[in-house]
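Chemist: mmCIF, C-alpha atoms, file run_30.cif:
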data_run
loop_
_atom_site.label_atom_id
_atom_site.label_comp_id
_atom_site.auth_asym_id
_atom_site.auth_seq_id
_atom_site.Cartn_x
_atom_site.Cartn_y
_atom_site.Cartn_z
CA MET A 1 133.93 -9.11 124.47
CA PRO A 2 135.51 -10.86 127.46
CA PRO A 3 135.13 -14.64 127.42
CA THR A 4 133.42 -14.74 130.81
CA ASP A 5 132.52 -12.40 133.63
CA ILE A 6 135.84 -13.15 135.38
CA THR A 7 137.40 -9.66 135.16
CA HIS A 8 139.78 -8.42 137.81
CA ARG A 9 143.11 -6.87 138.61
CA TRP A 10 145.53 -9.51 139.86
CA GLN A 11 147.19 -8.86 143.21
CA PRO A 12 150.27 -11.08 143.55
CA ALA A 13 150.57 -12.55 147.04
CA ALA A 14 153.99 -14.17 146.84
CA PRO A 15 157.26 -14.06 144.88
CA ILE A 16 155.76 -16.78 142.70
CA LEU A 17 152.28 -18.25 142.30
CA THR A 18 151.45 -21.39 140.34
CA GLY A 19 148.47 -23.47 139.37
CA HIS A 20 147.53 -26.59 137.39
CA PHE A 21 144.01 -26.27 135.98
CA HIS A 22 141.71 -28.63 134.09
CA GLU A 23 139.07 -26.31 132.64
CA GLY A 24 135.93 -26.59 130.54
CA PRO A 25 134.41 -24.36 127.88
CA ARG A 26 133.13 -21.74 130.35
CA TYR A 27 136.59 -20.91 131.69
CA GLY A 28 138.10 -17.53 130.89
CA THR A 29 139.88 -14.55 132.41
CA THR A 30 140.23 -10.91 131.45
CA ARG A 31 142.48 -8.36 133.14
CA PRO A 32 142.35 -5.10 131.15
CA GLN A 33 145.18 -3.59 133.21
CA GLY A 34 147.30 -6.71 133.25
CA SER A 35 148.58 -8.45 136.36
CA GLY A 36 151.66 -6.37 137.20
CA ASP A 37 153.93 -9.39 136.79
CA HIS A 38 154.82 -11.98 134.16
CA LEU A 39 152.30 -14.74 133.50
CA LEU A 40 153.60 -17.94 131.89
CA ILE A 41 151.08 -20.52 130.67
CA LEU A 42 151.86 -23.96 129.25
CA THR A 43 149.09 -25.80 127.43
CA LEU A 44 149.25 -29.45 128.50
CA SER A 45 146.18 -30.63 126.59
CA GLY A 46 143.13 -29.21 124.87
CA ALA A 47 143.50 -25.62 123.72
CA GLY A 48 143.47 -22.09 125.02
CA GLN A 49 142.44 -19.03 123.08
CA PHE A 50 144.13 -15.66 123.55
CA GLN A 51 142.50 -12.49 122.27
CA HIS A 52 143.71 -8.97 121.55
CA GLN A 53 141.23 -6.58 120.02
CA ALA A 54 139.99 -8.36 116.87
CA ALA A 55 142.84 -10.87 116.72
CA GLU A 56 142.89 -14.39 118.20
CA PHE A 57 145.60 -16.94 118.86
CA THR A 58 144.83 -20.57 119.73
CA THR A 59 147.33 -22.75 121.55
CA SER A 60 147.84 -26.49 121.33
CA THR A 61 149.69 -29.02 123.45
CA GLY A 62 153.26 -27.93 124.12
CA VAL A 63 152.75 -24.22 123.42
CA PHE A 64 154.19 -21.78 125.98
CA THR A 65 152.68 -18.30 126.24
CA LEU A 66 154.02 -15.38 128.26
CA TYR A 67 152.22 -12.16 129.20
CA THR A 68 154.46 -9.23 130.08
CA PRO A 69 153.64 -6.94 133.06
CA ASP A 70 150.72 -4.58 132.51
CA ALA A 71 149.78 -6.15 129.16
CA ALA A 72 146.01 -6.55 128.89
CA GLN A 73 145.12 -10.20 129.44
CA ASN A 74 142.18 -11.89 127.77
CA TYR A 75 142.24 -15.68 127.49
CA ARG A 76 139.86 -18.60 127.71
CA CYS A 77 139.31 -22.24 126.94
CA CYS A 78 139.01 -22.59 123.19
CA PRO A 79 135.30 -23.28 122.50
CA ALA A 80 136.11 -25.67 119.66
CA ALA A 81 138.39 -27.75 121.89
CA GLY A 82 135.94 -27.88 124.78
CA SER A 83 138.67 -28.30 127.42
CA TRP A 84 141.98 -26.80 128.43
CA GLU A 85 144.61 -28.20 130.78
CA LEU A 86 147.12 -25.52 131.68
CA LEU A 87 150.07 -25.11 134.00
CA TRP A 88 150.64 -21.47 134.91
CA THR A 89 152.79 -19.21 137.03
CA HIS A 90 152.78 -15.53 137.95
CA PHE A 91 156.29 -14.32 138.77
CA GLN A 92 158.66 -11.40 139.04
CA PRO A 93 161.82 -12.30 137.10
CA ARG A 94 165.28 -12.16 138.60
CA PRO A 95 167.43 -9.56 136.78
CA HIS A 96 169.53 -12.08 134.86
CA TRP A 97 166.40 -13.74 133.46
CA THR A 98 165.53 -10.73 131.32
CA PRO A 99 167.25 -11.87 128.10
CA TRP A 100 165.48 -15.23 128.40
CA LEU A 101 162.02 -13.63 128.20
CA HIS A 102 162.24 -11.99 124.79
CA TRP A 103 160.23 -14.60 122.92
CA PRO A 104 158.54 -13.89 119.57
CA GLU A 105 155.59 -11.55 120.07
CA THR A 106 152.15 -12.71 118.96
CA PHE A 107 150.21 -9.69 120.24
CA PRO A 108 151.42 -6.59 122.07
CA GLY A 109 152.45 -7.94 125.46
CA LEU A 110 151.90 -11.62 124.59
CA ARG A 111 154.87 -13.77 123.61
CA THR A 112 154.72 -17.33 122.34
CA LEU A 113 157.18 -20.19 122.06
CA GLN A 114 156.73 -23.73 120.71
CA PRO A 115 160.08 -25.55 120.65
CA ASP A 116 160.79 -27.70 117.61
CA ASP A 117 162.72 -30.16 119.75
CA PRO A 118 160.39 -32.42 121.80
CA ALA A 119 163.20 -32.91 124.34
CA VAL A 120 163.24 -29.17 125.10
CA THR A 121 159.47 -29.13 125.52
CA ALA A 122 159.62 -32.12 127.86
CA ALA A 123 162.46 -30.66 129.94
CA ALA A 124 160.68 -27.30 130.33
CA ARG A 125 157.37 -29.03 131.11
CA ASP A 126 158.98 -31.22 133.78
CA ALA A 127 160.70 -28.21 135.34
CA LEU A 128 157.39 -26.33 135.51
CA ALA A 129 155.71 -29.38 137.04
CA ALA A 130 158.48 -29.49 139.68
CA MET A 131 157.95 -25.78 140.26
CA HIS A 132 154.26 -26.33 140.91
CA GLU A 133 154.94 -29.31 143.16
CA ALA A 134 157.41 -27.29 145.24
CA TRP A 135 155.03 -24.36 145.58
CA SER A 136 152.14 -26.65 146.53
CA LEU A 137 153.86 -27.56 149.80
CA THR A 138 152.98 -25.51 152.86
CA PRO A 139 155.59 -23.25 154.49
CA THR A 140 155.65 -25.68 157.41
CA GLN A 141 156.46 -28.59 155.11
CA ASP A 142 159.17 -26.62 153.33
CA PRO A 143 160.15 -23.09 154.46
CA LEU A 144 162.12 -22.74 151.21
CA ARG A 145 159.24 -23.71 148.91
CA ALA A 146 159.21 -20.34 147.08
CA ASP A 147 162.96 -20.48 146.52
CA ARG A 148 162.73 -24.05 145.23
CA ALA A 149 159.84 -23.09 142.93
CA LEU A 150 161.85 -20.19 141.54
CA HIS A 151 164.78 -22.53 140.98
CA HIS A 152 162.63 -24.86 138.88
CA LEU A 153 161.12 -21.92 136.99
CA GLU A 154 164.63 -20.69 136.21
CA SER A 155 165.48 -24.15 134.88
CA ALA A 156 162.40 -24.12 132.62
CA LEU A 157 163.27 -20.69 131.25
CA MET A 158 166.84 -21.77 130.53
CA HIS A 159 165.58 -24.80 128.58
CA LEU A 160 163.18 -22.60 126.60
CA HIS A 161 165.92 -20.07 125.93
CA THR A 162 167.70 -22.69 123.83
CA ALA A 163 164.63 -22.82 121.54
CA ASN A 164 164.05 -19.06 121.34
CA PRO A 165 164.72 -17.66 117.86
CA ASN A 166 165.19 -14.21 119.42
CA ALA A 167 167.79 -15.49 121.88
CA ASP A 168 170.73 -13.65 120.38
CA ASN A 169 168.86 -10.52 119.31
CA THR A 170 167.90 -8.82 122.56
CA PRO A 171 170.55 -9.22 125.26
CA LEU A 172 170.16 -7.12 128.38
CA ASP A 173 171.98 -3.85 127.82
CA PRO A 174 175.13 -3.91 130.01
CA ARG A 175 174.36 -0.37 131.19
CA LEU A 176 171.03 -1.58 132.56
CA ARG A 177 172.79 -4.55 134.14
CA ASP A 178 175.06 -2.14 136.04
CA ALA A 179 172.05 -0.22 137.33
CA LEU A 180 170.23 -3.42 138.31
CA LEU A 181 173.24 -4.74 140.20
CA ALA A 182 173.46 -1.48 142.14
CA LEU A 183 169.73 -1.57 142.89
CA HIS A 184 169.79 -5.15 144.17
CA ARG A 185 172.91 -4.59 146.26
CA ARG A 186 171.27 -1.66 148.06
CA LEU A 187 167.52 -2.16 147.89
CA GLU A 188 167.12 0.14 150.90
CA HIS A 189 168.68 3.10 149.05
CA PRO A 190 166.27 5.98 148.17
CA TRP A 191 166.52 5.26 144.47
CA THR A 192 165.16 7.61 141.84
CA ILE A 193 165.32 7.42 138.07
CA ASP A 194 168.08 10.04 138.20
CA THR A 195 170.29 8.05 140.59
CA LEU A 196 169.73 4.79 138.69
CA ALA A 197 170.45 6.54 135.40
CA ARG A 198 173.80 7.71 136.76
CA HIS A 199 174.80 4.10 137.41
CA ALA A 200 173.93 3.32 133.79
CA HIS A 201 175.74 6.46 132.53
CA LEU A 202 172.59 7.50 130.68
CA SER A 203 170.29 10.48 130.81
CA PRO A 204 167.19 9.87 132.96
CA SER A 205 164.86 9.96 129.96
CA ARG A 206 167.00 7.57 127.90
CA PHE A 207 167.45 5.27 130.89
CA ALA A 208 163.71 5.14 131.61
CA HIS A 209 162.90 4.42 127.96
CA LEU A 210 165.53 1.69 127.60
CA PHE A 211 164.59 0.12 130.94
CA THR A 212 160.89 -0.09 130.04
CA GLN A 213 161.71 -1.38 126.58
CA GLN A 214 163.92 -4.22 127.83
CA LEU A 215 162.28 -5.16 131.14
CA GLY A 216 158.64 -4.52 130.31
CA GLN A 217 157.97 -2.15 133.21
CA SER A 218 159.17 1.23 134.38
CA PRO A 219 162.17 1.56 136.72
CA MET A 220 159.96 2.58 139.63
CA GLN A 221 157.50 -0.27 139.01
CA TYR A 222 160.42 -2.68 138.97
CA LEU A 223 161.90 -1.20 142.15
CA ASP A 224 158.57 -1.42 143.96
CA ALA A 225 158.07 -5.04 142.89
CA GLN A 226 161.56 -6.00 144.10
CA ARG A 227 161.02 -4.23 147.43
CA MET A 228 157.74 -6.03 148.00
CA ALA A 229 159.31 -9.38 147.02
CA ARG A 230 162.18 -8.79 149.46
CA ALA A 231 159.74 -7.76 152.18
CA ARG A 232 157.83 -11.02 151.68
CA GLU A 233 161.06 -13.00 152.04
CA LEU A 234 161.98 -11.19 155.26
CA LEU A 235 158.50 -11.65 156.68
CA ARG A 236 158.57 -15.38 155.87
CA LEU A 237 162.10 -16.18 156.94
CA THR A 238 162.98 -13.80 159.78
CA ALA A 239 161.51 -12.50 163.02
CA GLN A 240 162.56 -8.90 162.34
CA PRO A 241 160.05 -6.25 163.42
CA ILE A 242 157.90 -4.96 160.61
CA ALA A 243 159.35 -1.46 160.98
CA ALA A 244 162.86 -2.90 160.51
CA ILE A 245 161.75 -4.79 157.41
CA ALA A 246 160.22 -1.61 156.01
CA ALA A 247 163.53 0.20 156.49
CA ALA A 248 165.46 -2.72 155.00
CA VAL A 249 163.57 -2.35 151.73
CA GLY A 250 163.87 1.42 151.61
CA ILE A 251 160.58 2.56 153.15
CA GLU A 252 161.16 4.56 156.33
CA ASP A 253 157.51 5.06 157.25
CA PRO A 254 156.06 1.77 158.60
CA VAL A 255 152.50 3.03 158.11
CA TYR A 256 153.13 3.74 154.44
CA PHE A 257 154.94 0.41 154.13
CA GLY A 258 151.93 -1.42 155.57
CA ARG A 259 149.57 0.37 153.19
CA ARG A 260 151.78 -0.26 150.16
CA PHE A 261 152.31 -3.92 151.13
CA ARG A 262 148.59 -4.50 151.42
CA GLN A 263 147.98 -2.90 148.02
CA ALA A 264 150.57 -5.20 146.43
CA VAL A 265 149.89 -8.42 148.33
CA GLY A 266 146.29 -8.21 149.50
CA GLN A 267 147.26 -8.74 153.16
CA THR A 268 148.87 -6.66 155.87
CA PRO A 269 152.48 -7.54 156.68
CA ARG A 270 151.38 -9.19 159.92
CA GLN A 271 148.68 -11.21 158.19
CA TYR A 272 151.16 -12.35 155.57
CA ARG A 273 153.71 -13.37 158.19
CA ASN A 274 151.14 -15.32 160.18
CA ALA A 275 149.84 -17.09 157.07
CA SER A 276 153.37 -18.06 156.06
CA ARG A 277 154.07 -19.99 159.25
#
For the structure just supplied, provide its representation as structure tokens.
Modeler:
Amino acid sequence: MPPTDITHRWQPAAPILTGHFHEGPRYGTTRPQGSGDHLLILTLSGAGQFQHQAAEFTTSTGVFTLYTPDAAQNYRCCPAAGSWELLWTHFQPRPHWTPWLHWPETFPGLRTLQPDDPAVTAAARDALAAMHEAWSLTPTQDPLRADRALHHLESALMHLHTANPNADNTPLDPRLRDALLALHRRLEHPWTIDTLARHAHLSPSRFAHLFTQQLGQSPMQYLDAQRMARARELLRLTAQPIAAIAAAVGIEDPVYFGRRFRQAVGQTPRQYRNASR
């Protein structure tokens, strides 16, 4: 049973989203289809309870939890604790972050890390707090707020990587790295699994399997997420026409681009640009 009636499919509206919540016993969220991005939660005080089928996992202060894309999400304030203070962020990882995200798995799609070294916990916590502070500014106050927030998130993940017992076990396959570098250099290219697989020197089926295994989402899901993230950057930081931005991220039809952008972001490109100013 879901912890509350808060059940929805998350629609990310920016390259990164953050929040700092102080919640009571009625707080809870379920997303049966996941959120389509990574969700990192740090318990600052109280306790959160994560559920998967019949299993439960309860956090305590200093525990970091990470949902992978499309993993079913079901979490709430732990009833026994009565309160939960959490710092959270939804994000799409940069390609070189991938090896940093292979934490020990508690449930399918839920990873957990609790550093033994209090200094690592403090450094990661402070970096996440700086991330939230940067994101909390308006675009007028700081046009680079999303970039600064991502910088602090990257710092937090690097600190946590030093405490990850899986750190040396799951490096990003260099063949995937070659394909990712090609993709990011030419985001506008009409990529397919076949063309990406050629860059990795793998068969399409092997490439798709390895990609999903290591990055937590299919090649086409990843490509779409990167295109939408790049489109958001261009809408925020440039005055390029929307049709030009669509072409710059590999979508020639502006009408289809507008429809796809709204599905991913919850706003039309024009609405997003206006709200970002």
Chemist: If the PyMOL selection byres ((chain A and resi 261) around 10) is run on the structure shown, which residues does it catch, given as an MDAnalysis selection string?
Modeler: chainID A and resid 13 224 227:229 231:232 246 255:260 262:269 272
Chemist: Fewer than 6 positions away in the same chain doesn't count, so skip those; otherwise give me all residues within 12 Å of Glu23 of chain A, counting all atoms listed in the file, as a PDB file with C-alpha atoms, in the frame of the given file.
Modeler:
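Wrote it out as result_32.pdb, contents follow:
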ATOM      1  CA  THR A  29     139.880 -14.550 132.410  1.00  0.00           C
ATOM      2  CA  THR A  43     149.090 -25.800 127.430  1.00  0.00           C
ATOM      3  CA  LEU A  44     149.250 -29.450 128.500  1.00  0.00           C
ATOM      4  CA  SER A  45     146.180 -30.630 126.590  1.00  0.00           C
ATOM      5  CA  GLY A  46     143.130 -29.210 124.870  1.00  0.00           C
ATOM      6  CA  ALA A  47     143.500 -25.620 123.720  1.00  0.00           C
ATOM      7  CA  GLY A  48     143.470 -22.090 125.020  1.00  0.00           C
ATOM      8  CA  ARG A  76     139.860 -18.600 127.710  1.00  0.00           C
ATOM      9  CA  CYS A  77     139.310 -22.240 126.940  1.00  0.00           C
ATOM     10  CA  CYS A  78     139.010 -22.590 123.190  1.00  0.00           C
ATOM     11  CA  PRO A  79     135.300 -23.280 122.500  1.00  0.00           C
ATOM     12  CA  ALA A  81     138.390 -27.750 121.890  1.00  0.00           C
ATOM     13  CA  GLY A  82     135.940 -27.880 124.780  1.00  0.00           C
ATOM     14  CA  SER A  83     138.670 -28.300 127.420  1.00  0.00           C
ATOM     15  CA  TRP A  84     141.980 -26.800 128.430  1.00  0.00           C
ATOM     16  CA  GLU A  85     144.610 -28.200 130.780  1.00  0.00           C
ATOM     17  CA  LEU A  86     147.120 -25.520 131.680  1.00  0.00           C
ATOM     18  CA  LEU A  87     150.070 -25.110 134.000  1.00  0.00           C
TER      19      LEU A  87
END
Chemist: What's the 8 Å shell around Arg175 of chain A, counting only C-alpha atoms, without same-chain residues fewer than 3 positions away, as an MDAnalysis selection string?
Modeler: chainID A and resid 178:179 199:201
Chemist: For this structure, which residues satisfy the selection - the PyMOL selection byres ((chain A and resi 37) around 9) - when it is evaluated on the file as given? I want them as an NGL selection string.
Modeler: :A and (10 or 12 or 34-36 or 38-39 or 67-70 or 90-93 or 225)
Chemist: Quote the spacing between atom CA of Pro143 of chain A and atom CA of Val249 of chain A in Å to one decimal place.
Modeler: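 Atom CA of Val249 of chain A lies at a distance of 21.2 Å from atom CA of Pro143 of chain A.
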Chemist: Let me know the residues the PyMOL selection byres ((chain A and resi 186-197) around 10) catches in the file above, as a PyMOL selection string.
Modeler: chain A and resi 175-176+178-185+198-208+211+218-220+223-224+226-227+230+245-252
Chemist: Given all atoms listed in the file as the basis, pick out the residue of A:Thr138, A:Gln114, A:Gln53, A:Gln213 nearest to Ala72 of chain A.
Modeler: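 Counting all atoms listed in the file, the residue closest to Ala72 of chain A is A:Gln53.
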Chemist: Could you tell me, as a compact mmCIF listing (two decimals) with C-alpha atoms, keeping the file's coordinate frame, which residues have any atom at most 6 Å from (151.5, -27.4, 125.1), counting all atoms listed in the file?
Modeler:
# COMPACT_ATOMS: atom_id res chain seq x y z
CA LEU A 42 151.86 -23.96 129.25
CA THR A 43 149.09 -25.80 127.43
CA LEU A 44 149.25 -29.45 128.50
CA SER A 60 147.84 -26.49 121.33
CA THR A 61 149.69 -29.02 123.45
CA GLY A 62 153.26 -27.93 124.12
CA VAL A 63 152.75 -24.22 123.42
Chemist: Closest to Ala122 of chain A among A:His20, A:His159, A:His102, A:His96, using only C-alpha atoms?
Modeler: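 The closest residue to Ala122 of chain A is A:His159.
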Chemist: Using atom CA of Gly109 of chain A and atom CA of His22 of chain A as the two end points, give the distance in Å to one decimal.
Modeler: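 Pair atom CA of Gly109 of chain A / atom CA of His22 of chain A returns 24.9 Å.
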Chemist: Find the residue from A:Pro108, A:Pro95, A:Gly19, A:Pro118 that sits nearest to Ser136 of chain A; use all atoms listed in the file when measuring.
Modeler: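 Under the stated criterion, the closest residue is A:Gly19.
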Chemist: Missing atoms in segment 235-257 of chain A: can you complete it with N, CA, C and O atoms, as a PDB file, keeping the file's coordinate frame?
Modeler:
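Once written, rebuild_14.pdb looks like this:
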ATOM      1  N   LEU A 235     159.630 -11.307 155.820  1.00  0.00           N
ATOM      2  CA  LEU A 235     158.500 -11.650 156.680  1.00  0.00           C
ATOM      3  C   LEU A 235     158.384 -13.156 156.857  1.00  0.00           C
ATOM      4  O   LEU A 235     158.052 -13.638 157.944  1.00  0.00           O
ATOM      5  N   ARG A 236     158.673 -13.917 155.798  1.00  0.00           N
ATOM      6  CA  ARG A 236     158.570 -15.380 155.870  1.00  0.00           C
ATOM      7  C   ARG A 236     159.700 -15.987 156.678  1.00  0.00           C
ATOM      8  O   ARG A 236     159.497 -16.929 157.448  1.00  0.00           O
ATOM      9  N   LEU A 237     160.917 -15.465 156.488  1.00  0.00           N
ATOM     10  CA  LEU A 237     162.100 -16.180 156.940  1.00  0.00           C
ATOM     11  C   LEU A 237     162.785 -15.578 158.152  1.00  0.00           C
ATOM     12  O   LEU A 237     163.743 -16.171 158.659  1.00  0.00           O
ATOM     13  N   THR A 238     162.348 -14.417 158.615  1.00  0.00           N
ATOM     14  CA  THR A 238     162.980 -13.800 159.780  1.00  0.00           C
ATOM     15  C   THR A 238     161.919 -13.376 160.780  1.00  0.00           C
ATOM     16  O   THR A 238     160.727 -13.347 160.479  1.00  0.00           O
ATOM     17  N   ALA A 239     162.399 -13.023 161.972  1.00  0.00           N
ATOM     18  CA  ALA A 239     161.510 -12.500 163.020  1.00  0.00           C
ATOM     19  C   ALA A 239     161.728 -10.999 163.207  1.00  0.00           C
ATOM     20  O   ALA A 239     161.334 -10.436 164.230  1.00  0.00           O
ATOM     21  N   GLN A 240     162.325 -10.339 162.235  1.00  0.00           N
ATOM     22  CA  GLN A 240     162.560  -8.900 162.340  1.00  0.00           C
ATOM     23  C   GLN A 240     161.254  -8.147 162.511  1.00  0.00           C
ATOM     24  O   GLN A 240     160.227  -8.515 161.908  1.00  0.00           O
ATOM     25  N   PRO A 241     161.253  -7.076 163.315  1.00  0.00           N
ATOM     26  CA  PRO A 241     160.050  -6.250 163.420  1.00  0.00           C
ATOM     27  C   PRO A 241     159.661  -5.683 162.059  1.00  0.00           C
ATOM     28  O   PRO A 241     160.519  -5.464 161.195  1.00  0.00           O
ATOM     29  N   ILE A 242     158.387  -5.442 161.896  1.00  0.00           N
ATOM     30  CA  ILE A 242     157.900  -4.960 160.610  1.00  0.00           C
ATOM     31  C   ILE A 242     158.522  -3.611 160.256  1.00  0.00           C
ATOM     32  O   ILE A 242     158.851  -3.356 159.091  1.00  0.00           O
ATOM     33  N   ALA A 243     158.723  -2.756 161.251  1.00  0.00           N
ATOM     34  CA  ALA A 243     159.350  -1.460 160.980  1.00  0.00           C
ATOM     35  C   ALA A 243     160.775  -1.646 160.440  1.00  0.00           C
ATOM     36  O   ALA A 243     161.221  -0.906 159.551  1.00  0.00           O
ATOM     37  N   ALA A 244     161.496  -2.634 160.982  1.00  0.00           N
ATOM     38  CA  ALA A 244     162.860  -2.900 160.510  1.00  0.00           C
ATOM     39  C   ALA A 244     162.850  -3.439 159.087  1.00  0.00           C
ATOM     40  O   ALA A 244     163.725  -3.108 158.280  1.00  0.00           O
ATOM     41  N   ILE A 245     161.855  -4.252 158.772  1.00  0.00           N
ATOM     42  CA  ILE A 245     161.750  -4.790 157.410  1.00  0.00           C
ATOM     43  C   ILE A 245     161.425  -3.662 156.438  1.00  0.00           C
ATOM     44  O   ILE A 245     161.980  -3.588 155.337  1.00  0.00           O
ATOM     45  N   ALA A 246     160.542  -2.758 156.856  1.00  0.00           N
ATOM     46  CA  ALA A 246     160.220  -1.610 156.010  1.00  0.00           C
ATOM     47  C   ALA A 246     161.488  -0.818 155.683  1.00  0.00           C
ATOM     48  O   ALA A 246     161.743  -0.467 154.520  1.00  0.00           O
ATOM     49  N   ALA A 247     162.291  -0.550 156.707  1.00  0.00           N
ATOM     50  CA  ALA A 247     163.530   0.200 156.490  1.00  0.00           C
ATOM     51  C   ALA A 247     164.505  -0.572 155.609  1.00  0.00           C
ATOM     52  O   ALA A 247     165.213   0.006 154.777  1.00  0.00           O
ATOM     53  N   ALA A 248     164.533  -1.894 155.768  1.00  0.00           N
ATOM     54  CA  ALA A 248     165.460  -2.720 155.000  1.00  0.00           C
ATOM     55  C   ALA A 248     165.155  -2.720 153.512  1.00  0.00           C
ATOM     56  O   ALA A 248     166.037  -3.004 152.696  1.00  0.00           O
ATOM     57  N   VAL A 249     163.922  -2.409 153.159  1.00  0.00           N
ATOM     58  CA  VAL A 249     163.570  -2.350 151.730  1.00  0.00           C
ATOM     59  C   VAL A 249     163.385  -0.912 151.256  1.00  0.00           C
ATOM     60  O   VAL A 249     162.849  -0.667 150.173  1.00  0.00           O
ATOM     61  N   GLY A 250     163.841   0.039 152.075  1.00  0.00           N
ATOM     62  CA  GLY A 250     163.870   1.420 151.610  1.00  0.00           C
ATOM     63  C   GLY A 250     162.637   2.240 151.879  1.00  0.00           C
ATOM     64  O   GLY A 250     162.447   3.292 151.270  1.00  0.00           O
ATOM     65  N   ILE A 251     161.787   1.793 152.814  1.00  0.00           N
ATOM     66  CA  ILE A 251     160.580   2.560 153.150  1.00  0.00           C
ATOM     67  C   ILE A 251     160.647   2.895 154.634  1.00  0.00           C
ATOM     68  O   ILE A 251     160.476   2.027 155.488  1.00  0.00           O
ATOM     69  N   GLU A 252     160.928   4.153 154.935  1.00  0.00           N
ATOM     70  CA  GLU A 252     161.160   4.560 156.330  1.00  0.00           C
ATOM     71  C   GLU A 252     159.886   4.633 157.154  1.00  0.00           C
ATOM     72  O   GLU A 252     159.918   4.451 158.364  1.00  0.00           O
ATOM     73  N   ASP A 253     158.771   4.899 156.521  1.00  0.00           N
ATOM     74  CA  ASP A 253     157.510   5.060 157.250  1.00  0.00           C
ATOM     75  C   ASP A 253     156.790   3.711 157.316  1.00  0.00           C
ATOM     76  O   ASP A 253     156.286   3.222 156.308  1.00  0.00           O
ATOM     77  N   PRO A 254     156.713   3.085 158.502  1.00  0.00           N
ATOM     78  CA  PRO A 254     156.060   1.770 158.600  1.00  0.00           C
ATOM     79  C   PRO A 254     154.594   1.797 158.218  1.00  0.00           C
ATOM     80  O   PRO A 254     154.070   0.809 157.702  1.00  0.00           O
ATOM     81  N   VAL A 255     153.923   2.932 158.463  1.00  0.00           N
ATOM     82  CA  VAL A 255     152.500   3.030 158.110  1.00  0.00           C
ATOM     83  C   VAL A 255     152.343   2.985 156.594  1.00  0.00           C
ATOM     84  O   VAL A 255     151.494   2.263 156.053  1.00  0.00           O
ATOM     85  N   TYR A 256     153.183   3.762 155.906  1.00  0.00           N
ATOM     86  CA  TYR A 256     153.130   3.740 154.440  1.00  0.00           C
ATOM     87  C   TYR A 256     153.524   2.363 153.912  1.00  0.00           C
ATOM     88  O   TYR A 256     152.921   1.857 152.963  1.00  0.00           O
ATOM     89  N   PHE A 257     154.532   1.748 154.535  1.00  0.00           N
ATOM     90  CA  PHE A 257     154.940   0.410 154.130  1.00  0.00           C
ATOM     91  C   PHE A 257     153.771  -0.567 154.244  1.00  0.00           C
ATOM     92  O   PHE A 257     153.515  -1.366 153.332  1.00  0.00           O
TER      93      PHE A 257
END
